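Chemist: Pasting in a structure now, in structure tokens, and then I'll have a few things to ask.
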Amino acid sequence: AQGALQVRWVVGFSRGKDVAALLARLVQAGDVVWAVPFAKPQEMPWISCEQPEAIAEAVQKLGMDGVAVEVFGALGEAVDRLAGDQLDGYLNVICGSLYLVSDVYRVLQVEPFPADPEL
């Protein structure tokens with residue numbers, strides 16, 4: 001619909017998730033999808049991210065008009081681009097795996113919980 005809010009989805013998923021089904025519920029015509037990887041969690045070798053190229057392919061298979069897809073090699077690259085695109089009118093949403101959220105905190109140098117000196 002004209003005047004509808006356009007969203008830029010920065011997404012990264014764990015391997016094995018139904019990426020197409022998840023994105024079908026989120027992405028609308030006119031949105032932008034940036035596919036990113038997340039870092040392999042320490043001491044969890046069984047966890048891996050879906051490749052950004054596979055996420056992009058899942059978006060394209062949705063067959064929605066006017067959905068732009070871009071692949072990034074690292075979350076930091078997407079964050080750097082967001083810093084330069086702040087006034088382009090998109091609502092920026094980072095979503096997907098909680099491992100991606102962990103990377104967001106690391107890349108943005110956010111400490112969600114204060115360090116407890118007694119621990």
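Just so we're on the same page: first chain in the structure tokens is A, next is B, and so on; residues restart at 1 for each chain, and ligands are numbered from 1 in the order they show up.
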Using only C-alpha atoms, determine which residues lie at most 8 Å from Glu53 (chain A), disregarding the query and same-chain residues fewer than 2 positions distant; provide the list as a list in words.
Modeler: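 So, after excluding close chain neighbours, the residues are Ala35, Gln51, Ile55, Ala56, Glu57 and Val71 of chain A.
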Chemist: When DSSP works through the backbone of this structure, what residues of region 14-76 of chain A end up as strand (DSSP E), shown as a count of residues only?
Modeler: 8
Chemist: Could you pull the residues within 8 Å of region 65-69 of chain A, counting only C-alpha atoms, minus those fewer than 2 positions along the same chain, as a VMD selection string?
Modeler: chain A and resid 28 to 35 56 59 to 60 63 71
Chemist: When you count only C-alpha atoms, which of these residues is closest to Val19 (chain A): A:Asp80, A:Glu50, A:Glu70, A:Glu43?
Modeler: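 The shortest atom-to-atom distance to Val19 (chain A) comes from A:Glu50.
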Chemist: May I have a table of the residues of region 4-75 of chain A lying at most 9 Å from region 83-101 of chain A, giving each one's closest pair of atoms and their distance in Å to one decimal, counting only C-alpha atoms, ordered by chain and ascending residue number, as JSON lines?
Modeler:
```
{"residue": "A:Leu5", "atom": "CA", "partner": "A:Leu91", "partner_atom": "CA", "distance": 7.3}
{"residue": "A:Gln6", "atom": "CA", "partner": "A:Tyr90", "partner_atom": "CA", "distance": 5.3}
{"residue": "A:Val7", "atom": "CA", "partner": "A:Leu91", "partner_atom": "CA", "distance": 4.7}
{"residue": "A:Arg8", "atom": "CA", "partner": "A:Asn92", "partner_atom": "CA", "distance": 4.9}
{"residue": "A:Trp9", "atom": "CA", "partner": "A:Val93", "partner_atom": "CA", "distance": 5.0}
{"residue": "A:Val10", "atom": "CA", "partner": "A:Ile94", "partner_atom": "CA", "distance": 4.6}
{"residue": "A:Val11", "atom": "CA", "partner": "A:Cys95", "partner_atom": "CA", "distance": 5.2}
{"residue": "A:Gly12", "atom": "CA", "partner": "A:Gly96", "partner_atom": "CA", "distance": 5.1}
{"residue": "A:Phe13", "atom": "CA", "partner": "A:Ser97", "partner_atom": "CA", "distance": 4.9}
{"residue": "A:Ser14", "atom": "CA", "partner": "A:Ser97", "partner_atom": "CA", "distance": 5.9}
{"residue": "A:Leu22", "atom": "CA", "partner": "A:Gly96", "partner_atom": "CA", "distance": 9.0}
{"residue": "A:Asp31", "atom": "CA", "partner": "A:Tyr90", "partner_atom": "CA", "distance": 8.4}
{"residue": "A:Val32", "atom": "CA", "partner": "A:Tyr90", "partner_atom": "CA", "distance": 8.7}
{"residue": "A:Val36", "atom": "CA", "partner": "A:Leu100", "partner_atom": "CA", "distance": 8.7}
{"residue": "A:Pro37", "atom": "CA", "partner": "A:Leu100", "partner_atom": "CA", "distance": 7.6}
{"residue": "A:Phe38", "atom": "CA", "partner": "A:Leu100", "partner_atom": "CA", "distance": 5.2}
{"residue": "A:Ala39", "atom": "CA", "partner": "A:Tyr99", "partner_atom": "CA", "distance": 7.6}
{"residue": "A:Lys40", "atom": "CA", "partner": "A:Tyr99", "partner_atom": "CA", "distance": 8.2}
{"residue": "A:Pro41", "atom": "CA", "partner": "A:Tyr99", "partner_atom": "CA", "distance": 7.2}
{"residue": "A:Cys49", "atom": "CA", "partner": "A:Ser97", "partner_atom": "CA", "distance": 8.5}
{"residue": "A:Leu75", "atom": "CA", "partner": "A:Leu100", "partner_atom": "CA", "distance": 8.4}
```
Chemist: Tell me, in Å to one decimal, how far CA of Leu23 (chain A) is from CA of Ala58 (chain A).
Modeler: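 For CA of Leu23 (chain A) relative to CA of Ala58 (chain A), the distance reads 8.1 Å.
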Chemist: With DSSP run on the backbone, what are the helix (DSSP H, G or I) residues within region 12-114 of chain A? I'd like them as a PyMOL selection string.
Modeler: chain A and resi 19-26+52-61+75-84+98-108
Chemist: Would you pick out the contacts of Val79 (chain A) at 9 Å or less, using only C-alpha atoms, so that residues sharing its chain but fewer than 6 positions from it are not included, and give the list as a PyMOL selection string?
Modeler: chain A and resi 104+107-108
